[in-house]
file work_37.tsv (TSV, C-alpha atoms)
chain	number	residue	atom	x	y	z
A	28	MET	CA	-12.47	12.06	-1.85
A	29	ARG	CA	-14.92	9.85	0.01
A	30	PRO	CA	-14.14	6.12	0.30
A	31	HIS	CA	-16.84	5.07	-2.18
A	32	GLU	CA	-15.59	7.65	-4.70
A	33	ILE	CA	-12.04	6.34	-4.41
A	34	ALA	CA	-13.28	2.75	-4.81
A	35	GLN	CA	-15.25	3.75	-7.90
A	36	MET	CA	-12.23	5.53	-9.39
A	37	PHE	CA	-9.98	2.51	-8.91
A	38	SER	CA	-12.66	0.17	-10.24
A	39	GLN	CA	-12.67	2.14	-13.48
A	40	ILE	CA	-8.93	1.55	-14.05
A	41	ALA	CA	-8.66	-1.95	-12.56
A	42	HIS	CA	-8.06	-3.55	-15.97
A	43	SER	CA	-5.00	-1.38	-16.62
A	44	TYR	CA	-3.81	-0.74	-13.07
A	45	ASP	CA	-0.88	-3.17	-13.02
A	46	ARG	CA	0.43	-2.16	-16.44
A	47	ALA	CA	0.30	1.53	-15.57
A	48	ASN	CA	2.13	0.92	-12.28
A	49	HIS	CA	4.93	-0.97	-14.00
A	50	ILE	CA	5.31	1.64	-16.73
A	51	LEU	CA	5.16	4.71	-14.50
A	52	SER	CA	7.59	3.26	-11.92
A	53	PHE	CA	9.91	1.80	-14.58
A	54	ASN	CA	9.19	-1.57	-12.95
A	55	ARG	CA	10.60	-0.45	-9.61
A	56	ASP	CA	7.26	-1.25	-7.94
A	57	ARG	CA	8.12	-4.94	-8.20
A	58	ALA	CA	11.36	-4.43	-6.26
A	59	TRP	CA	9.61	-2.28	-3.65
A	60	ARG	CA	7.16	-5.05	-2.86
A	61	ARG	CA	9.98	-7.55	-2.45
A	62	ILE	CA	11.58	-5.17	0.06
A	63	VAL	CA	8.30	-5.05	2.01
A	64	VAL	CA	8.43	-8.85	2.31
A	65	GLN	CA	12.06	-8.76	3.41
A	66	GLN	CA	11.36	-6.10	6.05
A	67	ALA	CA	8.32	-8.00	7.34
A	68	ALA	CA	10.36	-11.20	7.68
A	69	PRO	CA	7.31	-13.51	7.78
A	70	LYS	CA	7.60	-16.71	9.75
A	71	PRO	CA	5.72	-19.98	9.13
A	72	GLY	CA	2.34	-19.97	10.84
A	73	GLU	CA	1.99	-16.19	10.98
A	74	ARG	CA	-1.11	-14.36	9.76
A	75	LEU	CA	-0.87	-11.46	7.29
A	76	LEU	CA	-3.45	-8.81	6.41
A	77	ASP	CA	-2.80	-6.74	3.29
A	78	LEU	CA	-4.94	-3.60	3.32
A	79	CYS	CA	-5.94	-1.76	0.14
A	80	THR	CA	-4.70	-4.91	-1.58
A	81	GLY	CA	-5.99	-3.78	-4.98
A	82	THR	CA	-4.99	-6.33	-7.59
A	83	GLY	CA	-3.19	-8.36	-4.94
A	84	ASP	CA	0.46	-7.80	-5.81
A	85	VAL	CA	1.70	-7.50	-2.22
A	86	ALA	CA	-0.30	-10.53	-1.10
A	87	ILE	CA	1.03	-12.48	-4.07
A	88	GLU	CA	4.61	-11.52	-3.21
A	89	PHE	CA	4.14	-12.82	0.33
A	90	ALA	CA	2.45	-16.00	-0.91
A	91	LYS	CA	5.41	-16.75	-3.19
A	92	ALA	CA	8.03	-15.91	-0.57
A	93	CYS	CA	6.56	-17.77	2.41
A	94	PRO	CA	4.19	-20.65	1.65
A	95	GLU	CA	3.36	-21.32	5.29
A	96	ILE	CA	1.60	-18.11	6.26
A	97	GLU	CA	-2.10	-17.26	6.25
A	98	ILE	CA	-2.88	-14.29	3.98
A	99	VAL	CA	-5.95	-12.06	3.77
A	100	GLY	CA	-6.27	-9.22	1.28
A	101	LEU	CA	-8.86	-6.46	1.85
A	102	ASP	CA	-10.02	-3.74	-0.53
A	103	LEU	CA	-13.05	-1.50	-1.08
A	104	SER	CA	-13.14	-2.14	-4.83
A	105	GLU	CA	-14.77	-5.39	-5.94
A	106	GLU	CA	-13.47	-4.80	-9.46
A	107	MET	CA	-9.87	-4.62	-8.25
A	108	LEU	CA	-10.41	-7.80	-6.26
A	109	ARG	CA	-11.84	-9.48	-9.36
A	110	VAL	CA	-8.53	-8.79	-11.12
A	111	ALA	CA	-6.66	-10.10	-8.06
A	112	ARG	CA	-8.68	-13.34	-8.06
A	113	LYS	CA	-7.90	-13.91	-11.72
A	114	LYS	CA	-4.18	-13.41	-11.12
A	115	LEU	CA	-4.18	-15.71	-8.10
A	116	THR	CA	-5.94	-18.43	-10.08
A	117	GLN	CA	-3.50	-18.10	-12.98
A	118	MET	CA	-0.59	-18.45	-10.55
A	119	SER	CA	-2.24	-21.37	-8.70
A	120	LEU	CA	-2.19	-19.26	-5.53
A	121	ASP	CA	-5.95	-18.87	-5.11
A	122	HIS	CA	-5.89	-21.34	-2.19
A	123	ARG	CA	-3.26	-19.22	-0.42
A	124	VAL	CA	-4.94	-15.81	-0.30
A	125	ARG	CA	-8.43	-14.97	0.96
A	126	LEU	CA	-9.83	-11.76	-0.54
A	127	VAL	CA	-12.35	-9.64	1.35
A	128	VAL	CA	-14.32	-6.53	0.37
A	129	GLY	CA	-13.99	-4.09	3.24
A	130	ASP	CA	-13.05	-0.67	4.58
A	131	ALA	CA	-9.60	-0.14	6.10
A	132	LEU	CA	-11.19	2.27	8.59
A	133	GLU	CA	-13.59	-0.38	9.91
A	134	LEU	CA	-11.76	-3.67	9.74
A	135	PRO	CA	-13.99	-6.73	10.13
A	136	PHE	CA	-11.46	-8.51	12.33
A	137	ALA	CA	-11.00	-8.96	16.06
A	138	GLU	CA	-8.13	-7.51	18.07
A	139	ASN	CA	-4.80	-9.37	17.85
A	140	SER	CA	-5.80	-11.21	14.64
A	141	PHE	CA	-2.59	-10.78	12.61
A	142	GLU	CA	1.16	-10.80	13.14
A	143	ILE	CA	1.73	-8.64	10.05
A	144	VAL	CA	-0.39	-5.88	8.49
A	145	THR	CA	0.71	-4.20	5.27
A	146	ILE	CA	-0.71	-1.34	3.24
A	147	ALA	CA	0.95	-0.39	-0.05
A	148	PHE	CA	0.07	2.89	-1.74
A	149	GLY	CA	-3.18	3.05	0.19
A	150	LEU	CA	-2.53	5.23	3.23
A	151	ARG	CA	-2.83	8.35	1.05
A	152	ASN	CA	-6.36	7.30	0.14
A	153	LEU	CA	-7.68	6.98	3.68
A	154	PRO	CA	-9.86	9.97	4.63
A	155	ASP	CA	-8.79	9.51	8.27
A	156	ARG	CA	-5.17	8.34	8.54
A	157	ALA	CA	-5.17	8.35	12.34
A	158	ARG	CA	-8.17	6.05	12.43
A	159	GLY	CA	-6.63	3.78	9.82
A	160	LEU	CA	-3.41	3.48	11.81
A	161	ARG	CA	-5.36	2.76	15.00
A	162	GLU	CA	-7.23	-0.01	13.18
A	163	ILE	CA	-3.94	-1.53	12.01
A	164	TYR	CA	-2.65	-1.40	15.57
A	165	ARG	CA	-5.86	-2.92	16.93
A	166	VAL	CA	-5.82	-6.01	14.72
A	167	LEU	CA	-2.11	-6.64	15.19
A	168	SER	CA	-1.09	-9.14	17.85
A	169	PRO	CA	1.43	-7.98	20.50
A	170	GLY	CA	4.85	-7.83	18.85
A	171	GLY	CA	3.19	-7.69	15.42
A	172	ARG	CA	4.57	-5.56	12.61
A	173	GLY	CA	2.79	-2.88	10.60
A	174	LEU	CA	4.37	-1.90	7.27
A	175	ILE	CA	3.37	1.00	5.04
A	176	LEU	CA	4.72	1.40	1.51
A	177	GLU	CA	3.87	4.80	0.11
A	178	PHE	CA	4.88	7.19	-2.64
A	179	SER	CA	6.84	10.19	-1.44
A	180	VAL	CA	8.68	13.27	-2.65
A	181	PRO	CA	12.48	12.85	-2.67
A	182	GLN	CA	14.37	14.71	0.04
A	183	SER	CA	17.34	15.44	-2.23
A	184	LEU	CA	17.06	18.71	-4.16
A	185	LEU	CA	18.57	17.07	-7.24
A	186	ALA	CA	16.20	14.11	-7.19
A	187	ARG	CA	13.25	16.40	-6.50
A	188	SER	CA	14.13	18.63	-9.44
A	189	VAL	CA	13.86	15.63	-11.75
A	190	TYR	CA	10.95	13.84	-10.09
A	191	LEU	CA	8.46	16.66	-9.57
A	192	PRO	CA	8.19	17.66	-13.26
A	193	TYR	CA	7.78	13.97	-14.10
A	194	LEU	CA	5.07	13.58	-11.45
A	195	ARG	CA	3.23	16.77	-12.38
A	196	TYR	CA	3.25	16.56	-16.16
A	197	ILE	CA	4.25	13.11	-17.41
A	198	VAL	CA	2.39	10.84	-14.98
A	199	PRO	CA	-1.12	12.16	-15.81
A	200	ILE	CA	-0.45	11.96	-19.55
A	201	VAL	CA	1.06	8.46	-19.58
A	202	GLY	CA	-1.41	7.17	-16.99
A	203	GLY	CA	-4.25	8.57	-19.06
A	204	ILE	CA	-2.99	6.90	-22.22
A	205	VAL	CA	-2.59	3.51	-20.54
A	206	SER	CA	-5.86	3.57	-18.58
A	207	GLY	CA	-8.07	5.73	-20.75
A	208	SER	CA	-8.56	8.35	-18.02
A	209	ARG	CA	-6.28	11.04	-16.64
A	210	VAL	CA	-8.43	11.64	-13.56
A	211	PRO	CA	-6.95	8.88	-11.35
A	212	TYR	CA	-3.42	9.96	-12.24
A	213	LYS	CA	-4.11	13.61	-11.54
A	214	TYR	CA	-5.43	12.41	-8.19
A	215	LEU	CA	-2.25	10.35	-7.76
A	216	ARG	CA	-0.11	13.42	-8.48
A	217	ASP	CA	-2.02	15.64	-6.07
A	218	SER	CA	-2.18	13.05	-3.28
A	219	ILE	CA	1.57	12.40	-3.46
A	220	GLU	CA	2.44	16.09	-3.29
A	221	GLY	CA	-0.05	16.62	-0.47
A	222	PHE	CA	1.12	13.66	1.61
A	223	PRO	CA	2.85	14.49	4.92
A	224	ASP	CA	6.61	14.30	5.26
A	225	ARG	CA	8.37	11.33	6.79
A	226	ALA	CA	8.70	12.84	10.25
A	227	GLN	CA	4.95	13.42	10.48
A	228	ILE	CA	4.10	9.85	9.42
A	229	LEU	CA	6.49	8.51	12.05
A	230	GLU	CA	4.79	10.76	14.61
A	231	GLU	CA	1.37	9.47	13.55
A	232	LEU	CA	2.57	5.88	13.89
A	233	TYR	CA	3.88	6.70	17.36
A	234	GLU	CA	0.59	8.34	18.35
A	235	ALA	CA	-1.27	5.22	17.21
A	236	GLY	CA	0.78	3.22	19.71
A	237	PHE	CA	3.58	1.75	17.62
A	238	ARG	CA	6.98	1.30	19.32
A	239	PRO	CA	9.53	1.40	17.77
A	240	VAL	CA	8.94	3.10	14.42
A	241	GLY	CA	11.19	3.70	11.44
A	242	TYR	CA	11.41	4.28	7.73
A	243	ARG	CA	13.56	3.58	4.70
A	244	ASP	CA	13.61	5.58	1.47
A	245	LEU	CA	13.51	3.57	-1.75
A	246	THR	CA	14.73	4.60	-5.23
A	247	CYS	CA	16.01	8.05	-4.23
A	248	GLY	CA	12.97	8.69	-2.06
A	249	ILE	CA	10.32	8.20	-4.75
A	250	ALA	CA	8.80	5.65	-2.37
A	251	THR	CA	9.19	5.19	1.36
A	252	LEU	CA	8.72	2.12	3.53
A	253	TYR	CA	7.53	2.86	7.07
A	254	TRP	CA	7.22	0.34	9.86
A	255	GLY	CA	6.11	0.09	13.45
A	256	GLU	CA	5.69	-2.66	16.03
A	257	LYS	CA	2.81	-3.22	18.40
A	258	GLU	CA	4.07	-3.21	21.96
A	259	ARG	CA	4.24	-6.56	23.67
A	260	GLU	CA	2.00	-7.05	26.66

call {"tool": "encode", "arguments": {"input": "work_37.tsv", "output": "structure tokens"}}
result
Amino acid sequence: MRPHEIAQMFSQIAHSYDRANHILSFNRDRAWRRIVVQQAAPKPGERLLDLCTGTGDVAIEFAKACPEIEIVGLDLSEEMLRVARKKLTQMSLDHRVRLVVGDALELPFAENSFEIVTIAFGLRNLPDRARGLREIYRVLSPGGRGLILEFSVPQSLLARSVYLPYLRYIVPIVGGIVSGSRVPYKYLRDSIEGFPDRAQILEELYEAGFRPVGYRDLTCGIATLYWGEKERE
């Protein structure tokens, strides 16, 4: 899918996006985001960019965990950002997070602008992963951390035998009921199954310049947290 098509698809389900995520992940998505914050270990005064921020859940988690960091959330979908703004206002966090409409492949920021860059469930949607990873690396300051939270297929045969039927048959049905459209959840299913394995993502991080790189499977490998550091000058 082209970027504008993906943005349009997410805009159509923005009103139900959070509820569907919580239901389909059995609320594990909340715990995964907390783990992203823990792994990032933000320090007072640092700057954070959350790419493909959607309805702002990762940015919100950072804002609650560390009140002394600067946070920017970027997304292609204005409708998703509208939901994010409403949530931030309701939580009295609207002064903590700046939301920007933009493309993760052409970031409107200078080199070395952020100490932390995160992207949760968005790397799959980039039509050019290598370019997206290079952009993350570019805007990170030396020693900065890039963190990617993404859905994955479990490595265990037992877990895979349970998860794949759920992903292939249940997710599109339940997602369709909650959102009113099965299309985004069929896309979700296909993009998860078509996503590269962990070794390839680590290799792509390495090729983008990150040193060191690593990953951690979450919830039996249903999701995976990847990380890499920009080399110090």

call {"tool": "closest_residue", "arguments": {"input": "work_37.tsv", "among": "A:Gly83, A:Pro239, A:Pro94, A:Pro223", "to": "Arg172 in chain A", "atoms": "only C-alpha atoms"}}
result
A:Pro239

call {"tool": "closest_atom_pairs", "arguments": {"input": "work_37.tsv", "of": "range 109-188 of chain A", "to": "range 241-247 of chain A", "cutoff": "8 Å", "atoms": "only C-alpha atoms", "output": "Markdown table"}}
result
| residue | atom | partner | partner_atom | distance |
| --- | --- | --- | --- | --- |
| A:Pro181 | CA | A:Cys247 | CA | 6.2 |
| A:Ser183 | CA | A:Cys247 | CA | 7.8 |
| A:Ala186 | CA | A:Cys247 | CA | 6.7 |

call {"tool": "closest_residue", "arguments": {"input": "work_37.tsv", "among": "A:Ser188, A:Gln35, A:Asn152, A:Asn48", "to": "Glu105 in chain A", "atoms": "all atoms listed in the file"}}
result
A:Gln35

call {"tool": "residues_around", "arguments": {"input": "work_37.tsv", "residues": "Ala58 in chain A", "least_positions_apart": "4", "cutoff": "12 Å", "atoms": "only C-alpha atoms", "output": "list of chain:residue names"}}
result
A:His49, A:Ser52, A:Phe53, A:Asn54, A:Ile62, A:Val63, A:Val64, A:Gln65, A:Asp84, A:Val85, A:Glu88, A:Leu176, A:Leu245, A:Thr246, A:Ala250

call {"tool": "residues_around", "arguments": {"input": "work_37.tsv", "residues": "Gly159 in chain A", "least_positions_apart": "2", "cutoff": "12 Å", "atoms": "only C-alpha atoms", "output": "PyMOL selection string"}}
result
chain A and resi 78-79+130-134+144-146+149-157+161-166+173+175+231-232+235

call {"tool": "write_last_selection", "arguments": {"input": "work_37.tsv", "atoms": "C-alpha atoms", "output": "compact mmCIF listing (two decimals), in the frame of the given file"}}
result
# COMPACT_ATOMS: atom_id res chain seq x y z
CA LEU A 78 -4.94 -3.60 3.32
CA CYS A 79 -5.94 -1.76 0.14
CA ASP A 130 -13.05 -0.67 4.58
CA ALA A 131 -9.60 -0.14 6.10
CA LEU A 132 -11.19 2.27 8.59
CA GLU A 133 -13.59 -0.38 9.91
CA LEU A 134 -11.76 -3.67 9.74
CA VAL A 144 -0.39 -5.88 8.49
CA THR A 145 0.71 -4.20 5.27
CA ILE A 146 -0.71 -1.34 3.24
CA GLY A 149 -3.18 3.05 0.19
CA LEU A 150 -2.53 5.23 3.23
CA ARG A 151 -2.83 8.35 1.05
CA ASN A 152 -6.36 7.30 0.14
CA LEU A 153 -7.68 6.98 3.68
CA PRO A 154 -9.86 9.97 4.63
CA ASP A 155 -8.79 9.51 8.27
CA ARG A 156 -5.17 8.34 8.54
CA ALA A 157 -5.17 8.35 12.34
CA ARG A 161 -5.36 2.76 15.00
CA GLU A 162 -7.23 -0.01 13.18
CA ILE A 163 -3.94 -1.53 12.01
CA TYR A 164 -2.65 -1.40 15.57
CA ARG A 165 -5.86 -2.92 16.93
CA VAL A 166 -5.82 -6.01 14.72
CA GLY A 173 2.79 -2.88 10.60
CA ILE A 175 3.37 1.00 5.04
CA GLU A 231 1.37 9.47 13.55
CA LEU A 232 2.57 5.88 13.89
CA ALA A 235 -1.27 5.22 17.21

call {"tool": "atom_distance", "arguments": {"input": "work_37.tsv", "atom1": "CA of Asn139 in chain A", "atom2": "CA of Leu160 in chain A"}}
result
14.3 Å

call {"tool": "atom_distance", "arguments": {"input": "work_37.tsv", "atom1": "CA of Leu75 in chain A", "atom2": "CA of Lys257 in chain A"}}
result
14.3 Å

call {"tool": "closest_residue", "arguments": {"input": "work_37.tsv", "among": "A:Leu120, A:Leu229, A:Leu194, A:Ile219", "to": "Glu256 in chain A", "atoms": "all atoms listed in the file"}}
result
A:Leu229

call {"tool": "closest_residue", "arguments": {"input": "work_37.tsv", "among": "A:Ala67, A:Arg123, A:Pro199, A:Gln227", "to": "Tyr214 in chain A", "atoms": "all atoms listed in the file"}}
result
A:Pro199

call {"tool": "residues_around", "arguments": {"input": "work_37.tsv", "residues": "Arg209 in chain A", "least_positions_apart": "3", "cutoff": "7 Å", "atoms": "only C-alpha atoms", "output": "ChimeraX atom specification"}}
result
/A:199-200,202-203,212-213

call {"tool": "closest_residue", "arguments": {"input": "work_37.tsv", "among": "A:Leu101, A:Ile143, A:Ala111, A:Ile33", "to": "Arg74 in chain A", "atoms": "all atoms listed in the file"}}
result
A:Ile143

call {"tool": "closest_residue", "arguments": {"input": "work_37.tsv", "among": "A:Ser38, A:Val124, A:Phe89, A:Asp45", "to": "Arg109 in chain A", "atoms": "only C-alpha atoms"}}
result
A:Ser38
